Amino acid sequence: MSAATATATATAAAAAAERIETYDDFVKVHGLLLTASGLPQSLHRKLFSKLSSETFDGGSYFQIEPCEDGPQRRLVLTLESMPKDSDVFLIDHAWTFRLSDAYKQLVEVPGLAERMASIMCVDGDRNSDCEENGVNGIDAKKTAFEVVESEIASAKAKGEDDLKWLELEELEIDDDTLLSLDLANKFPGLLALSLCGNKLENVDVVVQVVTKFKDLRALWLNNNPVVQKCGVQLADKVLQGLPNLEIYNSKFTPNFGEWALGFCGEVYDQENPGSSKLQDDPSLQRITSLDLSNRCIHNLINKTFSPLHLPALSYLNLRGNPLEQNSIGDLRRILAGFPGLQSLEVDIPGPLGESAAEILESLPNLSILNGVIASKILEHGKHVIDSKLQPRLPEWTADEPLADRVLNAMWPYLMTYRLADEEKIDETSVWYVMDELGSALRHSDEPNFRVAPFLFMPEGKLASAMSFSILWPIQNVQKGDECTRDFLFGIGEEKQHSARLTAWFHTPENYFIRRYEKHWNKLQSTKLTLPPAQSCLTRSPVRNDGSPLHVYTDIPHVEEFLTRPEFVITTDPKDADIIWTSVQVDEDMKKAAGITENQFVNQFPFEACIVMKHHLAETIQKAHGSPDWLQPTYNLETDLSELIGDYYVRKRDGRDCLWILKPWNMARTIDTTVTDNLTAIIRLMETGPKICQKYIEHPALFNGKKFDLRYIVLVRSMKPLNLFLSDIFWVRLANNPYSLEKHSFFEYETHFTVMNYRGRFIHKNTPEFVKEFEQEHQVKWMDIHERVRSMIRSVFEAAAVAHPEMHNSTSRAMYGVDVMLDSAFQLKLLEVTYCPDCTRACKYDTEALVGGGVVKGCDFFNDVFGCLFLNETTHVNPL
């Protein structure tokens, strides 16, 4: 479900100063909320009745049941029937919180962690149902020798002279035991042998034993040390010594044929192992369903895999096979030859192509593709085609504290809203978990119920609001039916519906990895090309008569500290030569305030390309591709699929997967989150547009704490690029020692450095910081400083190249550029800020590290305006 913004206006609330007693009062106060919820008007009166009496009667109509396919629960209707739009039910909220308070509440509120763990099915020990065997398992089951003797006796009892199928799994068999079992003499005609889960380590011993079975069709050595240590070497020797082998360690060999296909078609098994002379076994003629998924098949062109041998085939699963030795055309022609093939499962994009629609056009007999009806695919054009997605279940260990389990498992269960009134909207969203009944509702693309958050204000005022969720049937439901809701109600493919399903389900990884690889290859091929140097006249605001320039500003620090006689403050923007403001000067503002094209403004046109976080990344990527100083960054509103692919590749390669989510245009780290949870990343999209950026997992630390650096850049012109770096920069320090403990991700003062709005603010004088940092890490700060200068120049070069429309002869601007160092002291750009807060620059005197000399805080804006409007270079250096 997408985030709902609960807008309770002060005007509506004022209409009922007393406690709400009547239905008319209820509608008057809650009208906007009722409309936003989507609840049919026919149920409004019933909702009012249940809210007024606090009636939670869902238990009389529904039952919670465990699921068979994992630690989940589902909700089932117990009433004989429930018609569409016939009733509405209240769902209580078992936990309501803001993210920053989550861990603290789980630890401190009695019983909360236990209840949440139960709702989220992470309260038990995953191994609790396992049998308690002896220390090495020998005492609890037969030895390998006993199993072999038992198999011989069983075969004789059935009148069989030669056993064909032998399973010796998890019997503690080591190399010496394998040799002493003398299997080749006892079972010379084996077709299938499994030695999974034993202790085999020596390649030569294993090869010596297994290659004596010349008729062997299937061999399983999975989960043995020899496979882990010498897998490739072992496979080469086994396949060389067993030319008839068709299945090795659950994968098809290049020699696969009738036996392998018969095994996957459930023709051959322990009871019916087949024979060494198959020769067009008629049993294959009866196969209708064939699951070849994840068999490592490279080439499907095979004399046995044909309509002649498999004439009845109607269902085929080819997922997880590379099939790279076949062209798309060849594969489509092979499959088109099966006259009865109606249902196919295959990776998309994959060996059959990038488009589900194209696959269906080439295979017109198909009625189902990846579990979805063909006509529905062609109608809706989904990117990820799959109706049989497996749920993404939480992972935990038995010794993991309940609070940590809940923090990891909560994201699929959370819902969110944001409060607003006439004055303002809350900066941070409210998250909540529905009670046991609501949390048992599972997802369906075609749900029979709908859920919406609802704020009830019994006193007619926002201060009295109580949050609930409301549930009502949107289809006719019968007794025993599972009750479902659409987790992504109202979110179509234009809002990345298929990709967002990854929050709850294991979506096809190959699809997203392909998208990421295309994105990455494009970035790698992008290189900055600077246009030829051009001169461009830069206008000066200096008056010919030498009279002072009039400055209009709404920034208190400018008004207080701009004291030079060349400038005078005016309160009327129409009279100003220079407009220095914290608000956007767009066409509407110019018209309203009477601002003309001849007045100088502290903004450049289209500067959003660097000061909004998603545009900053796009600008740099467009010009530079993927420079080392920009962490991998994704705009979640457009590039979620690429981010998911990056996440999967990092997981596959064993690399760290910690990310930071930042709103497009909020400052002071508002609504910013650190997480390694993919479901969390996707769900956090619901609280507003964000970028997702690879977190600097190992930053350079100062006395064990995280820090970043704020630089001040002055821009006189974008064409030609005329930049200056202020001598003043400052360090921003976190208050707590840095930690990668998962619950620390919720601690603002551990992972964030902006403390002048929240947390304890501690000022560190820049020269002192630099001296102590050099001593702590044995580095030269000037080396870092030169790289900072180069990086900042590159950022503005990117803007000039990617957005030449930024240039304006009457624009001058000051930007804050935030930089971090990683543990190898490599630079990382964090963001570029418009009209940065310069309280520290004005408040503290400091010493210039470049050029020396004392820089007085009271002269900061005198120097800034001198540089931008009088062409001076006091306490600034050109870039």
# chains A, B, ... in the order shown; residues from 1 in each chain; ligands from 1

call {"tool": "residues_around", "arguments": {"residues": "Asp215 (chain A)", "least_positions_apart": "6", "cutoff": "8 Å", "atoms": "only C-alpha atoms", "output": "list of chain:residue names"}}
result
A:Gly189, A:Leu190, A:Leu191, A:Leu242, A:Asn244, A:Leu245, A:Ser276

call {"tool": "select_by_dssp", "arguments": {"residues": "region 762-827 of chain A", "states": "strand (DSSP E)", "output": "PyMOL selection string"}}
result
chain A and resi 813-821+827

call {"tool": "residues_around", "arguments": {"residues": "Phe97 (chain A)", "least_positions_apart": "6", "cutoff": "7 Å", "atoms": "only C-alpha atoms", "output": "NGL selection string"}}
result
:A and (430-432)

call {"tool": "write_last_selection", "arguments": {"atoms": "C-alpha atoms", "output": "PDB file, in the first residue's frame"}}
result
ATOM      1  CA  VAL A 430       4.448   8.046  11.071  1.00  0.00           C
ATOM      2  CA  TRP A 431       4.832   4.286  10.613  1.00  0.00           C
ATOM      3  CA  TYR A 432       2.550   1.671  12.097  1.00  0.00           C
TER       4      TYR A 432
END
